[in-house]
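Peer 1: So here's structure39.cif, just mmCIF, C-alpha atoms:
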```cif
data_protein
#
loop_
_atom_site.label_atom_id
_atom_site.label_comp_id
_atom_site.auth_asym_id
_atom_site.auth_seq_id
_atom_site.Cartn_x
_atom_site.Cartn_y
_atom_site.Cartn_z
CA MET A 1 -57.51 -2.52 -34.36
CA ARG A 2 -57.29 -0.24 -31.36
CA SER A 3 -53.84 -1.44 -30.46
CA PHE A 4 -52.78 -0.95 -34.06
CA LEU A 5 -53.95 2.65 -33.96
CA ILE A 6 -52.15 3.24 -30.67
CA SER A 7 -48.90 1.88 -31.97
CA MET A 8 -49.20 3.87 -35.19
CA ALA A 9 -49.80 7.03 -33.17
CA THR A 10 -46.79 6.26 -31.01
CA VAL A 11 -44.57 5.73 -34.03
CA ILE A 12 -45.75 8.95 -35.66
CA GLY A 13 -45.32 10.79 -32.37
CA PHE A 14 -41.72 9.65 -31.98
CA PHE A 15 -41.03 10.47 -35.61
CA ALA A 16 -42.39 13.99 -35.16
CA LEU A 17 -40.34 14.41 -31.99
CA GLY A 18 -37.22 13.24 -33.79
CA VAL A 19 -37.83 15.61 -36.70
CA SER A 20 -38.45 18.60 -34.44
CA ALA A 21 -35.36 17.88 -32.38
CA TYR A 22 -33.42 17.56 -35.58
CA SER A 23 -34.71 20.73 -37.21
CA ASP A 24 -35.02 23.33 -34.43
CA GLY A 25 -31.75 22.50 -32.69
CA ALA A 26 -33.46 21.32 -29.50
CA ALA A 27 -30.76 18.71 -28.89
CA THR A 28 -28.40 21.29 -27.45
CA LEU A 29 -25.80 18.86 -26.15
CA ARG A 30 -25.11 17.91 -29.75
CA GLN A 31 -24.42 21.60 -30.46
CA GLY A 32 -26.34 21.53 -33.73
CA THR A 33 -24.51 18.54 -35.18
CA PRO A 34 -26.93 16.70 -37.51
CA ILE A 35 -28.31 13.56 -35.88
CA LEU A 36 -26.76 11.24 -38.42
CA THR A 37 -23.21 12.50 -38.04
CA GLU A 38 -20.88 11.69 -35.20
CA PRO A 39 -19.87 14.90 -33.40
CA GLU A 40 -16.24 15.39 -32.50
CA ALA A 41 -15.65 14.52 -28.87
CA PRO A 42 -14.70 17.52 -26.72
CA LYS A 43 -11.13 17.63 -25.47
CA MET A 44 -10.52 15.98 -22.12
CA ASN A 45 -9.02 18.36 -19.61
CA LYS A 46 -6.21 17.49 -17.26
CA VAL A 47 -6.80 17.32 -13.54
CA GLU A 48 -4.99 20.20 -11.79
CA ASN A 49 -2.09 18.95 -9.69
CA LYS A 50 -0.47 22.17 -8.48
CA ASP A 51 -0.56 21.44 -4.74
CA VAL A 52 -1.78 24.97 -4.02
CA LYS A 53 -4.87 25.25 -1.83
CA ARG A 54 -7.82 27.11 -3.31
CA VAL A 55 -9.93 29.72 -1.57
CA ARG A 56 -13.23 28.38 -0.19
CA ASN A 57 -16.37 30.23 -1.26
CA TYR A 58 -17.95 29.97 2.20
CA PRO A 59 -16.64 28.54 5.47
CA GLU A 60 -18.60 25.27 5.35
CA GLN A 61 -17.53 24.45 1.82
CA PRO A 62 -15.62 21.21 1.48
CA PRO A 63 -12.30 22.42 0.05
CA THR A 64 -11.56 21.23 -3.49
CA ILE A 65 -8.64 18.83 -3.84
CA PRO A 66 -5.46 20.57 -5.06
CA HIS A 67 -3.78 17.35 -6.23
CA LYS A 68 -4.51 14.42 -8.53
CA VAL A 69 -6.23 11.37 -7.10
CA ARG A 70 -5.87 8.88 -9.97
CA SER A 71 -6.12 5.29 -8.70
CA TYR A 72 -6.54 6.36 -5.07
CA GLU A 73 -8.55 3.52 -3.62
CA ILE A 74 -11.42 4.19 -1.20
CA SER A 75 -13.10 0.90 -0.33
CA THR A 76 -13.94 -1.29 2.65
CA ASN A 77 -10.37 -2.54 2.46
CA ALA A 78 -8.39 0.66 2.24
CA ASN A 79 -8.64 4.45 2.22
CA LYS A 80 -5.70 5.98 0.43
CA CYS A 81 -6.72 9.53 1.42
CA LEU A 82 -6.54 8.69 5.10
CA SER A 83 -3.04 7.27 4.66
CA CYS A 84 -2.02 10.95 4.40
CA HIS A 85 -4.86 12.98 5.92
CA ALA A 86 -5.59 10.99 9.10
CA ARG A 87 -4.44 12.61 12.33
CA THR A 88 -1.56 10.20 12.92
CA ARG A 89 -0.32 10.38 9.31
CA THR A 90 0.07 14.13 8.90
CA GLY A 91 3.58 14.29 10.35
CA GLU A 92 4.96 12.19 7.57
CA SER A 93 2.74 13.39 4.73
CA GLN A 94 2.62 17.08 5.72
CA ALA A 95 -0.99 17.03 4.55
CA PRO A 96 -3.63 19.05 6.42
CA MET A 97 -5.49 16.85 8.91
CA VAL A 98 -9.12 16.14 8.10
CA SER A 99 -10.88 18.69 10.34
CA VAL A 100 -12.47 17.69 13.62
CA THR A 101 -15.92 17.58 11.97
CA HIS A 102 -14.75 14.41 10.21
CA TYR A 103 -14.40 12.70 13.56
CA MET A 104 -17.90 13.62 14.73
CA ASP A 105 -20.99 11.52 14.54
CA ARG A 106 -24.37 13.12 13.90
CA ASP A 107 -24.79 13.99 17.58
CA ASN A 108 -21.50 15.93 17.44
CA GLN A 109 -19.76 13.31 19.55
CA VAL A 110 -16.07 13.25 18.62
CA LEU A 111 -14.97 9.71 17.81
CA ALA A 112 -11.49 8.17 17.89
CA THR A 113 -11.49 7.45 14.17
CA VAL A 114 -13.00 9.14 11.14
CA SER A 115 -16.78 8.92 11.27
CA PRO A 116 -18.38 6.47 8.83
CA ARG A 117 -20.36 9.33 7.27
CA ARG A 118 -17.09 11.01 6.30
CA TYR A 119 -15.35 7.89 5.01
CA PHE A 120 -16.06 8.36 1.31
CA CYS A 121 -14.09 11.55 0.78
CA ASN A 122 -14.93 12.09 -2.87
CA GLN A 123 -18.60 12.33 -1.94
CA CYS A 124 -17.78 15.92 -0.89
CA HIS A 125 -14.24 16.70 -2.09
CA VAL A 126 -13.49 16.88 -5.80
CA THR A 127 -10.53 17.64 -8.02
CA GLN A 128 -10.64 20.51 -10.51
CA VAL A 129 -9.75 20.80 -14.17
CA ASP A 130 -8.55 23.90 -15.94
CA ALA A 131 -11.53 24.33 -18.28
CA PRO A 132 -13.91 27.13 -19.25
CA PRO A 133 -17.18 26.69 -17.30
CA LEU A 134 -20.01 25.13 -19.31
CA VAL A 135 -22.60 27.39 -17.69
CA GLU A 136 -22.22 30.88 -16.33
CA ASN A 137 -21.59 31.04 -12.58
CA GLU A 138 -23.58 33.74 -10.82
CA PHE A 139 -22.34 32.99 -7.32
CA ILE A 140 -21.40 36.09 -5.31
CA ASP A 141 -19.08 35.83 -2.34
CA VAL A 142 -20.68 37.08 0.87
CA GLU A 143 -17.71 39.46 1.29
CA HIS A 144 -18.77 41.31 -1.86
CA ILE A 145 -22.34 41.60 -0.64
CA LEU A 146 -21.12 43.00 2.69
CA LYS A 147 -18.86 45.51 0.92
CA ALA A 148 -21.65 46.59 -1.42
CA GLU A 149 -23.85 47.60 1.51
CA MET B 1 37.90 -43.18 -37.20
CA LEU B 2 34.75 -44.84 -35.91
CA THR B 3 36.41 -46.48 -32.93
CA PRO B 4 35.89 -43.61 -30.50
CA PHE B 5 32.16 -43.65 -31.26
CA LYS B 6 32.04 -47.42 -30.87
CA LYS B 7 33.81 -47.03 -27.59
CA LEU B 8 31.31 -44.35 -26.53
CA TRP B 9 28.39 -46.54 -27.54
CA GLY B 10 29.92 -49.38 -25.61
CA MET B 11 30.24 -47.17 -22.59
CA ALA B 12 26.67 -45.97 -22.94
CA CYS B 13 25.48 -49.59 -23.01
CA TRP B 14 27.65 -50.29 -20.04
CA ILE B 15 26.19 -47.38 -18.08
CA TRP B 16 22.69 -48.40 -19.12
CA SER B 17 23.17 -51.97 -17.92
CA HIS B 18 24.95 -51.06 -14.74
CA GLY B 19 22.41 -48.50 -13.61
CA ASN B 20 23.83 -46.00 -11.21
CA ARG B 21 26.84 -47.91 -9.95
CA PRO B 22 29.99 -45.80 -9.44
CA ALA B 23 31.70 -44.95 -12.77
CA LYS B 24 35.05 -46.51 -11.92
CA HIS B 25 35.79 -47.46 -15.60
CA LEU B 26 35.07 -43.98 -17.07
CA SER B 27 37.86 -41.52 -17.69
CA ILE B 28 37.87 -38.22 -15.86
CA GLY B 29 38.01 -36.48 -19.27
CA PHE B 30 34.81 -38.11 -20.46
CA LEU B 31 33.00 -37.25 -17.31
CA THR B 32 34.10 -33.64 -17.47
CA ILE B 33 33.22 -33.12 -21.12
CA GLY B 34 30.01 -35.13 -20.88
CA GLY B 35 29.00 -33.22 -17.83
CA PHE B 36 29.77 -29.95 -19.54
CA VAL B 37 27.68 -30.82 -22.62
CA ALA B 38 24.78 -32.02 -20.49
CA GLY B 39 25.07 -28.88 -18.41
CA VAL B 40 24.91 -26.61 -21.44
CA MET B 41 21.87 -28.45 -22.77
CA PHE B 42 20.14 -28.33 -19.41
CA TRP B 43 20.96 -24.66 -18.87
CA GLY B 44 19.80 -23.78 -22.39
CA GLY B 45 16.56 -25.65 -21.90
CA PHE B 46 16.07 -23.97 -18.57
CA ASN B 47 16.76 -20.58 -20.11
CA THR B 48 14.22 -21.16 -22.88
CA THR B 49 11.62 -22.29 -20.39
CA LEU B 50 12.28 -19.18 -18.33
CA GLU B 51 11.91 -16.95 -21.37
CA LEU B 52 8.58 -18.58 -22.19
CA THR B 53 7.24 -18.33 -18.67
CA ASN B 54 8.47 -14.77 -18.30
CA THR B 55 5.62 -13.25 -20.28
CA GLU B 56 2.34 -11.62 -19.36
CA GLU B 57 0.51 -14.17 -21.57
CA PHE B 58 1.90 -16.98 -19.47
CA CYS B 59 0.89 -15.36 -16.19
CA VAL B 60 -2.66 -14.54 -17.23
CA SER B 61 -3.13 -17.98 -18.80
CA CYS B 62 -4.24 -18.95 -15.30
CA HIS B 63 -7.64 -17.49 -14.61
CA GLU B 64 -6.55 -16.85 -11.02
CA MET B 65 -4.15 -14.26 -12.38
CA GLY B 66 -6.21 -13.14 -15.39
CA ASP B 67 -9.58 -12.57 -13.71
CA ASN B 68 -8.31 -10.85 -10.59
CA VAL B 69 -5.04 -8.99 -10.73
CA PHE B 70 -4.86 -8.47 -14.51
CA VAL B 71 -8.25 -6.75 -14.86
CA GLU B 72 -7.27 -4.48 -11.99
CA LEU B 73 -3.98 -3.58 -13.62
CA LYS B 74 -5.66 -2.36 -16.79
CA PRO B 75 -6.95 1.05 -15.62
CA THR B 76 -3.67 1.91 -13.85
CA ILE B 77 -0.79 4.02 -15.09
CA HIS B 78 1.45 1.00 -15.56
CA TYR B 79 -0.82 -0.41 -18.27
CA SER B 80 -1.48 2.75 -20.26
CA ASN B 81 0.30 6.11 -20.02
CA ARG B 82 1.58 9.03 -22.07
CA SER B 83 5.03 7.45 -22.45
CA GLY B 84 3.69 4.23 -23.96
CA VAL B 85 5.88 2.07 -21.74
CA ARG B 86 3.96 -0.81 -20.23
CA ALA B 87 5.05 -2.66 -17.12
CA SER B 88 3.99 -6.29 -17.47
CA CYS B 89 3.68 -8.84 -14.67
CA PRO B 90 7.24 -10.20 -14.83
CA ASP B 91 8.67 -6.66 -14.79
CA CYS B 92 7.38 -6.21 -11.26
CA HIS B 93 7.30 -9.78 -10.05
CA VAL B 94 10.29 -11.70 -11.41
CA PRO B 95 13.77 -10.31 -10.83
CA HIS B 96 15.92 -9.93 -13.93
CA ASN B 97 19.06 -11.01 -12.11
CA TRP B 98 19.90 -14.65 -12.94
CA THR B 99 20.25 -16.15 -9.49
CA ASP B 100 17.27 -14.26 -8.10
CA LYS B 101 15.37 -15.41 -11.17
CA ILE B 102 15.92 -19.07 -10.40
CA ALA B 103 15.11 -18.60 -6.75
CA ARG B 104 11.86 -16.94 -7.80
CA LYS B 105 11.00 -19.76 -10.19
CA MET B 106 11.53 -22.30 -7.47
CA GLN B 107 8.98 -20.41 -5.42
CA ALA B 108 6.72 -20.31 -8.47
CA SER B 109 6.56 -24.11 -8.40
CA LYS B 110 4.56 -23.61 -5.23
CA GLU B 111 2.05 -21.66 -7.32
CA VAL B 112 1.55 -24.66 -9.59
CA TRP B 113 0.94 -26.62 -6.41
CA GLY B 114 -1.58 -23.97 -5.38
CA LYS B 115 -3.30 -24.33 -8.73
CA LEU B 116 -3.64 -28.07 -8.29
CA PHE B 117 -5.08 -27.65 -4.83
CA GLY B 118 -7.15 -24.61 -5.71
CA THR B 119 -6.10 -22.15 -3.00
CA ILE B 120 -7.51 -19.21 -4.96
CA ASN B 121 -9.61 -20.71 -7.74
CA THR B 122 -12.64 -18.49 -7.08
CA ARG B 123 -12.88 -14.73 -6.62
CA GLU B 124 -14.03 -15.23 -3.02
CA LYS B 125 -11.10 -17.49 -2.19
CA PHE B 126 -8.73 -15.05 -3.86
CA LEU B 127 -10.05 -12.11 -1.82
CA ALA B 128 -9.79 -14.19 1.34
CA GLU B 129 -6.14 -14.98 0.57
CA ARG B 130 -5.21 -11.58 -0.81
CA ARG B 131 -3.68 -10.19 2.36
CA ARG B 132 -1.28 -13.15 2.59
CA LEU B 133 -0.26 -12.97 -1.08
CA ALA B 134 0.21 -9.19 -1.03
CA GLY B 135 2.26 -9.59 2.15
CA HIS B 136 4.68 -11.89 0.33
CA GLU B 137 5.21 -9.26 -2.36
CA TRP B 138 5.63 -6.40 0.11
CA ASP B 139 8.18 -8.41 2.08
CA ARG B 140 10.09 -9.27 -1.05
CA LEU B 141 10.17 -5.69 -2.35
CA LYS B 142 11.06 -4.37 1.08
CA ALA B 143 13.91 -6.87 1.35
CA ASN B 144 15.39 -6.06 -2.08
CA ASN B 145 14.89 -2.29 -1.70
CA SER B 146 12.20 -2.30 -4.41
CA LEU B 147 14.59 -3.66 -7.00
CA GLU B 148 11.92 -4.24 -9.65
CA CYS B 149 10.65 -0.68 -9.40
CA ARG B 150 14.19 0.61 -9.68
CA ASN B 151 14.80 -1.44 -12.82
CA CYS B 152 12.64 1.18 -14.53
CA HIS B 153 12.61 4.14 -12.15
CA SER B 154 16.09 5.12 -11.02
CA THR B 155 16.50 7.70 -8.29
CA THR B 156 19.55 9.12 -10.03
CA SER B 157 17.60 10.03 -13.14
CA MET B 158 14.56 11.21 -11.21
CA ASP B 159 14.18 14.95 -11.81
CA ILE B 160 12.28 16.14 -8.77
CA THR B 161 11.95 19.66 -10.17
CA ALA B 162 9.67 18.11 -12.79
CA GLN B 163 7.59 16.39 -10.11
CA SER B 164 4.63 17.71 -8.19
CA THR B 165 5.43 19.41 -4.86
CA ARG B 166 3.87 16.52 -2.96
CA ALA B 167 6.03 13.97 -4.77
CA ALA B 168 9.22 16.02 -4.60
CA THR B 169 8.91 16.66 -0.85
CA ALA B 170 8.20 13.01 -0.06
CA HIS B 171 11.05 11.74 -2.23
CA GLN B 172 13.51 14.27 -0.89
CA THR B 173 12.76 13.63 2.77
CA PHE B 174 12.36 9.86 2.77
CA LEU B 175 13.58 8.28 -0.46
CA PHE B 176 16.88 10.02 -1.13
CA THR B 177 17.84 9.72 2.51
CA GLY B 178 17.34 5.96 2.29
CA GLU B 179 14.83 6.02 5.10
CA LYS B 180 12.09 4.42 3.04
CA THR B 181 11.79 2.45 -0.18
CA CYS B 182 9.21 2.70 -2.98
CA ILE B 183 6.91 -0.02 -1.69
CA ASP B 184 6.61 1.69 1.72
CA CYS B 185 4.68 4.53 0.11
CA HIS B 186 3.41 3.09 -3.16
CA LYS B 187 1.35 0.06 -2.13
CA GLY B 188 -1.56 -0.76 -4.41
CA ILE B 189 0.11 0.88 -7.40
CA ALA B 190 -0.93 -1.93 -9.76
CA HIS B 191 -3.81 -3.80 -8.11
CA GLU B 192 -6.60 -3.28 -5.62
CA LEU B 193 -5.54 -3.55 -2.02
CA PRO B 194 -6.36 -6.25 0.53
CA ASP B 195 -7.79 -5.32 3.95
CA MET B 196 -5.21 -2.82 5.18
CA THR B 197 -6.06 -2.84 8.89
CA GLY B 198 -2.84 -3.30 10.79
CA VAL B 199 -0.58 -2.46 7.85
CA GLU B 200 1.88 0.27 8.82
CA GLY B 201 0.86 3.70 7.57
CA TRP B 202 -2.76 2.76 6.83
CA LYS B 203 -5.93 3.53 8.72
#
```
Could I get this structure in the form of structure tokens?

Peer 2:
Amino acid sequence: MRSFLISMATVIGFFALGVSAYSDGAATLRQGTPILTEPEAPKMNKVENKDVKRVRNYPEQPPTIPHKVRSYEISTNANKCLSCHARTRTGESQAPMVSVTHYMDRDNQVLATVSPRRYFCNQCHVTQVDAPPLVENEFIDVEHILKAE
Amino acid sequence: MLTPFKKLWGMACWIWSHGNRPAKHLSIGFLTIGGFVAGVMFWGGFNTTLELTNTEEFCVSCHEMGDNVFVELKPTIHYSNRSGVRASCPDCHVPHNWTDKIARKMQASKEVWGKLFGTINTREKFLAERRRLAGHEWDRLKANNSLECRNCHSTTSMDITAQSTRAATAHQTFLFTGEKTCIDCHKGIAHELPDMTGVEGWK
């Protein structure tokens, strides 16, 4: 009997939750589309591939990638990024060398090869798409703060 | 009217009973024409077999090909792209030129051998052998100046002004000058790569 009551309460609870989400527009990601209709998928934006470097917002920011990286493999077997960005490859590729920080271990010892903690490039570096931001960005460049003073 | 056929039949029986002894009683004409007919039939049969084996379905009918390289091809640009042109296995792996084609097929017989003896019949075995297999393909494409790539992508119709700066610069400095060929720079375009340590240009 007790378990029956608990399960009834749970069912009613979920029902109420569903109804409220449905009626007061709480499910914001659906943008007010009724729960029983399939919303139209948003357009997929193209990855920017202009090969023009973007300004960094602060000196320690990992620069965003100015080119496409579709199918660039980063695995135990191969690192496509390093085939252009490694020190010895930059002559041919004309790509900027990964900075010296990428060769340092956590004690700031400079190693001969890229440090394991910098191996998975897309952990820090990302491509960009030409899309309106989903949320407002309130970031202020330190230059502006300095000027304002 | 029927005599020539009777004669032929007689000859056939004679050949049959005499096994492979020298054909001293056959006319040169018969040998030439017979040889020609047999040749046409053999060539035709060979051609048909080639056509049948020159399809993606044939290649992936072996799980060694289907479970490994085919699933990896699917997310790449050569399987699905804005132009709707799909490169299938034989486009990149079997030359379209007749003589090359036969030479390739002869090598393919070794694959059937491999199948029988299970060189790569599990994922683990495949990964262990991958460097060797990829090496064969790189060597082949290097030797024929990336012929298969060029069957679809020709440098003469490549409009570098429509390419990204990165692509245009690389092609202008190394491709058009003949210094490098497609496979030098575009390894792993269709499948995942093997362990690249020691491969030129890789870290």

Peer 1: List the residues selected by the PyMOL selection byres ((chain A and resi 100) around 10) in the file shown, writing them as a PDB file with C-alpha atoms, in the coordinates of the input.

Peer 2:
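The new file expr.pdb reads:
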```pdb
ATOM      1  CA  ARG A  87      -4.440  12.610  12.330  1.00  0.00           C
ATOM      2  CA  MET A  97      -5.490  16.850   8.910  1.00  0.00           C
ATOM      3  CA  VAL A  98      -9.120  16.140   8.100  1.00  0.00           C
ATOM      4  CA  SER A  99     -10.880  18.690  10.340  1.00  0.00           C
ATOM      5  CA  THR A 101     -15.920  17.580  11.970  1.00  0.00           C
ATOM      6  CA  HIS A 102     -14.750  14.410  10.210  1.00  0.00           C
ATOM      7  CA  TYR A 103     -14.400  12.700  13.560  1.00  0.00           C
ATOM      8  CA  MET A 104     -17.900  13.620  14.730  1.00  0.00           C
ATOM      9  CA  ASN A 108     -21.500  15.930  17.440  1.00  0.00           C
ATOM     10  CA  VAL A 110     -16.070  13.250  18.620  1.00  0.00           C
ATOM     11  CA  LEU A 111     -14.970   9.710  17.810  1.00  0.00           C
ATOM     12  CA  VAL A 114     -13.000   9.140  11.140  1.00  0.00           C
TER      13      VAL A 114
END
```

Peer 1: Selection in question (the file shown): the PyMOL selection byres ((chain B) within 7 of (chain A)). Which residues does it include, as a short mmCIF file (atom, residue, chain, number, x, y, z; two decimals) with C-alpha atoms, in the frame of the given file?

Peer 2:
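The new file selection.cif reads:
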```
data_model
loop_
_atom_site.label_atom_id
_atom_site.label_comp_id
_atom_site.auth_asym_id
_atom_site.auth_seq_id
_atom_site.Cartn_x
_atom_site.Cartn_y
_atom_site.Cartn_z
CA THR B 76 -3.67 1.91 -13.85
CA SER B 164 4.63 17.71 -8.19
CA THR B 165 5.43 19.41 -4.86
CA ARG B 166 3.87 16.52 -2.96
CA LEU B 193 -5.54 -3.55 -2.02
CA PRO B 194 -6.36 -6.25 0.53
CA ASP B 195 -7.79 -5.32 3.95
CA MET B 196 -5.21 -2.82 5.18
CA GLY B 201 0.86 3.70 7.57
CA TRP B 202 -2.76 2.76 6.83
CA LYS B 203 -5.93 3.53 8.72
#
```

Peer 1: Have a look at atom CA of Glu48 of chain A and atom CA of Pro133 of chain A and let me know their distance in Å, one decimal.

Peer 2: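 These atoms are spaced 14.9 Å apart.
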
Peer 1: Starting from the PyMOL selection byres ((chain A and resi 63-66) around 10), expand the selection into actual residues of this file and give them as a CSV table (one decimal) with C-alpha atoms, in the coordinates of the input.

Peer 2:
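The resulting file, out24.csv, is shown below:
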```
chain,number,residue,atom,x,y,z
A,47,VAL,CA,-6.8,17.3,-13.5
A,48,GLU,CA,-5.0,20.2,-11.8
A,49,ASN,CA,-2.1,19.0,-9.7
A,50,LYS,CA,-0.5,22.2,-8.5
A,51,ASP,CA,-0.6,21.4,-4.7
A,52,VAL,CA,-1.8,25.0,-4.0
A,53,LYS,CA,-4.9,25.2,-1.8
A,54,ARG,CA,-7.8,27.1,-3.3
A,55,VAL,CA,-9.9,29.7,-1.6
A,56,ARG,CA,-13.2,28.4,-0.2
A,57,ASN,CA,-16.4,30.2,-1.3
A,58,TYR,CA,-18.0,30.0,2.2
A,59,PRO,CA,-16.6,28.5,5.5
A,60,GLU,CA,-18.6,25.3,5.4
A,61,GLN,CA,-17.5,24.4,1.8
A,62,PRO,CA,-15.6,21.2,1.5
A,67,HIS,CA,-3.8,17.4,-6.2
A,68,LYS,CA,-4.5,14.4,-8.5
A,69,VAL,CA,-6.2,11.4,-7.1
A,122,ASN,CA,-14.9,12.1,-2.9
A,124,CYS,CA,-17.8,15.9,-0.9
A,125,HIS,CA,-14.2,16.7,-2.1
A,126,VAL,CA,-13.5,16.9,-5.8
A,127,THR,CA,-10.5,17.6,-8.0
A,128,GLN,CA,-10.6,20.5,-10.5
```

Peer 1: Suppose you want the space between atom CA of His78 of chain B and atom CA of Glu179 of chain B; what is it in Å?

Peer 2: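 Computing the Euclidean distance for atom CA of His78 of chain B and atom CA of Glu179 of chain B yields 25.1 Å.
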
Peer 1: Given the choices A:Ile35, A:Lys147, A:Pro42, A:Ser7, which gets closest to Leu134 of chain A if the distance is worked out from only C-alpha atoms?

Peer 2: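 Of all the options, A:Pro42 lies closest to Leu134 of chain A.
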
Peer 1: If you count only C-alpha atoms, which residues fall within 9 Å of Cys89 of chain B, apart from same-chain ones fewer than 2 positions away, as a list in words?

Peer 2: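 The contact residues come out as Asn54, Thr55, Glu56, Cys59, Val60, Phe70, Ala87, Asp91, Cys92, His93 and Val94 of chain B.
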
Peer 1: Expressed in Å to a single decimal, how great is the separation between atom CA of Glu129 of chain B and atom CA of Asp67 of chain B?

Peer 2: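 Distance between the two atoms: 14.9 Å.
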
Peer 1: Quick one: residues within 10 Å of segment 174-178 of chain B, only C-alpha atoms, excluding same-chain residues fewer than 3 positions away - as a list in words?

Peer 2: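 Counting only the stated atoms, we get Glu92 of chain A; Asn145, Thr155, Thr156, Ala168, Thr169, Ala170, His171, Thr181, Cys182, Asp184 and Cys185 of chain B.
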
Peer 1: Which residues, written as a PyMOL selection string, have at least one atom at most 12 Å from Asn144 of chain B, with only C-alpha atoms counted and residues fewer than 4 positions away on the same chain left out?

Peer 2: chain B and resi 93+95+97+100+137-140+148-151+181-183
